[in-house]
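Peer 1: Just dropping this structure here.
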Amino acid sequence: MPLDSITMILRPENLDFEISELTFNKMKNLGLTSLTTNDAMNSQISTYYNSAVVSLKLSMDYVFEELRKYEDYFLYQQDAIDYSFFNLEFEAFEFASLYKQSSEEFRNETRLNSIQFMTSNKGRMLVLGDLNNKRYSLRVLNRFKSITKNLLEAIHTELKRNNPQIAPLLELPTDADFKEITVAPSTLKEYVGTYKSKDDVTFTLVLEDTNLHVHLESGSSEALIPSAEDRFFIKDYFSVIHFNREKGSIISLTPIINGEKADFLKIE
């Protein structure tokens, strides 16, 4: 098993999210008991914040506490693995005199020690316990996402009843938009080119090592992962990119980022 795979299994992963309760708290501070004459809608909003959000916070507090104990053990208690091996970018030791072997020897020793640790009773229990916490987090967050989506749709329906001209609810990507598929390099070449928005924002798509990458004006680069024909996503970002065709040729692309859409015309 390569060291990067071992890292993926052992590395404690943090979650970063924040729930905005500003509107609900403002409503309570103003002494409002309802936002609409629809009693069912008022009840759904109240239940969301007083039950679903509270439940989510309690669940995530548990997950974060387990994560804190997991990190504390790896950083300060166990002596089987040198925690610095998680930084796979280093080519040489920052303080070579602290080590008795070369960088390559250290990596090999760490790899073997890590495997030995993971297959011990203590290591196996930690790894499987961390996996179960991740599964628990996924169930909790997926349930909360479903409840939130239902509330947003209900609020939008209520607003539309009073104002038929209201803008459509923002479209969010679905789980299907993040399922990776394999696409031949010859097909990926169709998407290569420079794209420009009406606000003069430009970026370039290039083919690197059989993968499509987007190069931004800031100088950063991100890999585009195919999920369907003419549809890609960017790992680590809640964003999807749709390519648009005319007579079989790519003429533009449309990113969907946090529900917002923008069109970029292919200029070359």
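In the structure tokens, chains take the letters A, B, ... in the order shown, each chain's residues start at 1, and ligands count up from 1 in the order shown.
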Give me, as a tab-separated table, each residue of region 104-179 of chain A that comes within 12 Å of region 14-24 of chain A, together with its shortest interatomic pair and the distance in Å at one decimal, counting only C-alpha atoms, with rows ordered by chain and rising residue number.

Peer 2:
```
residue	atom	partner	partner_atom	distance
A:Asp130	CA	A:Asn14	CA	11.5
A:Asn133	CA	A:Asn14	CA	11.6
A:Lys134	CA	A:Leu15	CA	10.1
A:Ser137	CA	A:Leu15	CA	9.5
A:Leu138	CA	A:Leu15	CA	11.0
A:Leu141	CA	A:Phe17	CA	10.6
A:Phe144	CA	A:Ile19	CA	11.2
A:Lys145	CA	A:Ile19	CA	11.8
A:Thr148	CA	A:Ile19	CA	11.1
```

Peer 1: Considering only strand (DSSP E or B) as DSSP defines it on the backbone, what residues of region 37-236 of chain A qualify? List them as a PyMOL selection string.

Peer 2: chain A and resi 193-197+202-208+211-216+221-228+231-234

Peer 1: Would you pick out the contacts of region 36-42 of chain A at 8 Å or less, using only C-alpha atoms, so that residues sharing its chain but fewer than 2 positions from it are not included, and give the list as a list in words?

Peer 2: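 Residues meeting the cut-off are Ser34, Gln44, Ile45, Ser46, Ala154, Ile155 and Glu158 of chain A.
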
Peer 1: Give me, as a tab-separated table, each residue of region 216-235 of chain A that comes within 10 Å of region 246-257 of chain A, together with its shortest interatomic pair and the distance in Å at one decimal, counting only C-alpha atoms, with rows ordered by chain and rising residue number.

Peer 2:
```
residue	atom	partner	partner_atom	distance
A:Asp230	CA	A:Ile250	CA	8.9
A:Arg231	CA	A:Leu253	CA	9.3
A:Phe232	CA	A:Pro255	CA	9.3
A:Phe233	CA	A:Pro255	CA	9.0
```

Peer 1: Calculate how many Å separate CA of Met8 (chain A) from CA of Val127 (chain A), rounding to one decimal.

Peer 2: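 Between CA of Met8 (chain A) and CA of Val127 (chain A) the gap is 10.8 Å.
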
Peer 1: Please report the interatomic distance between CA of Gln116 (chain A) and CA of Glu94 (chain A) in Å with one decimal.

Peer 2: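 Answer for the CA of Gln116 (chain A) to CA of Glu94 (chain A) separation: 26.3 Å.
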
Peer 1: If we count only C-alpha atoms, what is near Leu205 (chain A) at a cut-off of 6 Å, once residues fewer than 6 positions away on the same chain are taken out, given as a ChimeraX atom specification?

Peer 2: /A:192-193,213-214

Peer 1: Mind listing the helix (DSSP H, G or I) residues of region 11-154 of chain A, per DSSP on the backbone, as a ChimeraX atom specification?

Peer 2: /A:22-29,39-77,83-86,96-98,103-118,121-154

Peer 1: Just write the chosen residues, C-alpha atoms, as a compact mmCIF listing (two decimals), in the first residue's frame.

Peer 2:
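Just written: out_0.txt:
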```txt
# COMPACT_ATOMS: atom_id res chain seq x y z
CA LEU A 22 -29.49 35.67 11.64
CA THR A 23 -32.98 36.02 10.15
CA PHE A 24 -34.61 33.70 12.67
CA ASN A 25 -32.92 35.42 15.63
CA LYS A 26 -33.91 38.84 14.29
CA MET A 27 -37.50 37.61 14.02
CA LYS A 28 -37.44 36.45 17.66
CA ASN A 29 -35.81 39.68 18.89
CA ASP A 39 -49.74 28.63 10.05
CA ALA A 40 -48.23 25.45 8.59
CA MET A 41 -45.41 27.50 7.05
CA ASN A 42 -44.71 29.27 10.36
CA SER A 43 -44.66 25.94 12.16
CA GLN A 44 -42.24 24.45 9.61
CA ILE A 45 -39.83 27.39 10.01
CA SER A 46 -39.97 27.21 13.79
CA THR A 47 -39.47 23.43 13.81
CA TYR A 48 -36.51 23.76 11.46
CA TYR A 49 -34.56 26.09 13.78
CA ASN A 50 -35.75 24.77 17.14
CA SER A 51 -35.44 21.09 16.28
CA ALA A 52 -33.48 20.29 13.09
CA VAL A 53 -30.75 22.89 13.61
CA VAL A 54 -30.41 22.08 17.32
CA SER A 55 -30.17 18.37 16.52
CA LEU A 56 -27.52 19.03 13.86
CA LYS A 57 -25.42 21.09 16.29
CA LEU A 58 -25.55 18.38 18.94
CA SER A 59 -24.57 15.71 16.40
CA MET A 60 -21.69 17.75 15.02
CA ASP A 61 -20.48 18.67 18.52
CA TYR A 62 -20.14 14.93 19.15
CA VAL A 63 -18.27 14.43 15.86
CA PHE A 64 -15.89 17.33 16.57
CA GLU A 65 -15.18 16.05 20.07
CA GLU A 66 -14.32 12.62 18.66
CA LEU A 67 -12.12 14.30 16.07
CA ARG A 68 -10.35 16.32 18.78
CA LYS A 69 -9.56 13.12 20.70
CA TYR A 70 -8.39 11.44 17.49
CA GLU A 71 -6.01 14.32 16.67
CA ASP A 72 -4.81 14.53 20.26
CA TYR A 73 -3.88 10.85 20.23
CA PHE A 74 -1.90 11.11 16.98
CA LEU A 75 -0.13 14.33 17.93
CA TYR A 76 0.74 13.73 21.57
CA GLN A 77 0.14 10.15 22.69
CA TYR A 83 2.90 12.56 12.37
CA SER A 84 4.99 14.77 10.07
CA PHE A 85 4.71 12.15 7.31
CA PHE A 86 1.23 13.53 6.54
CA ALA A 96 17.79 17.09 9.07
CA SER A 97 19.79 16.72 12.28
CA LEU A 98 16.59 15.59 14.07
CA SER A 103 14.05 11.33 3.58
CA GLU A 104 13.43 8.22 1.50
CA GLU A 105 14.42 5.90 4.34
CA PHE A 106 12.13 7.84 6.67
CA ARG A 107 9.22 7.47 4.26
CA ASN A 108 9.78 3.72 3.93
CA GLU A 109 10.08 3.24 7.69
CA THR A 110 6.98 5.37 8.29
CA ARG A 111 5.03 3.39 5.70
CA LEU A 112 5.87 0.04 7.38
CA ASN A 113 5.24 1.42 10.88
CA SER A 114 1.90 2.80 9.75
CA ILE A 115 0.77 -0.51 8.30
CA GLN A 116 1.85 -2.29 11.46
CA PHE A 117 -0.07 0.26 13.54
CA MET A 118 -3.25 0.02 11.41
CA ASN A 121 -5.85 -3.88 17.81
CA LYS A 122 -5.50 -0.23 18.85
CA GLY A 123 -4.90 1.08 15.34
CA ARG A 124 -7.69 -0.97 13.78
CA MET A 125 -10.19 0.26 16.38
CA LEU A 126 -9.16 3.89 15.78
CA VAL A 127 -9.39 3.62 11.99
CA LEU A 128 -12.75 1.84 12.03
CA GLY A 129 -14.06 4.19 14.72
CA ASP A 130 -13.09 7.20 12.60
CA LEU A 131 -14.77 5.60 9.57
CA ASN A 132 -17.98 5.08 11.53
CA ASN A 133 -17.91 8.73 12.63
CA LYS A 134 -17.56 9.80 9.00
CA ARG A 135 -20.51 7.62 8.03
CA TYR A 136 -22.52 9.06 10.90
CA SER A 137 -21.63 12.60 9.80
CA LEU A 138 -22.70 11.82 6.25
CA ARG A 139 -26.08 10.48 7.39
CA VAL A 140 -26.67 13.51 9.63
CA LEU A 141 -25.67 16.05 6.98
CA ASN A 142 -27.63 14.36 4.19
CA ARG A 143 -30.73 14.31 6.38
CA PHE A 144 -30.24 17.98 7.26
CA LYS A 145 -29.73 18.85 3.58
CA SER A 146 -33.02 17.16 2.72
CA ILE A 147 -34.89 19.02 5.50
CA THR A 148 -33.33 22.33 4.42
CA LYS A 149 -34.22 21.76 0.77
CA ASN A 150 -37.85 21.00 1.69
CA LEU A 151 -38.03 24.18 3.78
CA LEU A 152 -36.57 26.34 0.99
CA GLU A 153 -39.04 24.90 -1.52
CA ALA A 154 -41.95 25.48 0.88
```

Peer 1: With distances taken over only C-alpha atoms, which residue among A:Asn258, A:Leu265, A:Leu159, A:Thr202 lies nearest His215 (chain A)?

Peer 2: A:Thr202

Peer 1: Hey, what's within 12 Å of Lys235 (chain A) if we count only C-alpha atoms and toss same-chain stuff fewer than 4 positions away? As a list in words, please?

Peer 2: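 Contacts, in chain order: Asp177, Phe178, Lys179, Glu180, His213, Ser221, Glu222, Ala223, Leu224, Ile225, Pro226, Ser227, Ser239, Val240 and Ile241 of chain A.
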
Peer 1: Could you please take those selected residues and save C-alpha atoms as a PDB file, in the first residue's frame?

Peer 2:
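Output file selection-v4.pdb follows:
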```pdb
ATOM      1  CA  ASP A 177     -23.366  15.591 -10.657  1.00  0.00           C
ATOM      2  CA  PHE A 178     -20.379  14.353  -8.647  1.00  0.00           C
ATOM      3  CA  LYS A 179     -20.076  10.782  -9.934  1.00  0.00           C
ATOM      4  CA  GLU A 180     -16.805  10.478 -11.840  1.00  0.00           C
ATOM      5  CA  HIS A 213      -7.699  21.542 -16.176  1.00  0.00           C
ATOM      6  CA  SER A 221      -5.401  25.653 -11.684  1.00  0.00           C
ATOM      7  CA  GLU A 222      -8.142  23.119 -10.936  1.00  0.00           C
ATOM      8  CA  ALA A 223      -8.871  19.709 -12.469  1.00  0.00           C
ATOM      9  CA  LEU A 224     -12.272  19.252 -14.129  1.00  0.00           C
ATOM     10  CA  ILE A 225     -13.714  15.792 -13.467  1.00  0.00           C
ATOM     11  CA  PRO A 226     -16.237  14.403 -15.984  1.00  0.00           C
ATOM     12  CA  SER A 227     -19.580  13.201 -14.572  1.00  0.00           C
ATOM     13  CA  SER A 239     -19.649  23.500  -8.395  1.00  0.00           C
ATOM     14  CA  VAL A 240     -20.644  21.946 -11.709  1.00  0.00           C
ATOM     15  CA  ILE A 241     -19.781  23.026 -15.243  1.00  0.00           C
TER      16      ILE A 241
END
```

Peer 1: So the first atom is CA of Phe93 (chain A) and the second is CA of Asp236 (chain A); what is the distance between them in Å, to one decimal place?

Peer 2: 28.9 Å
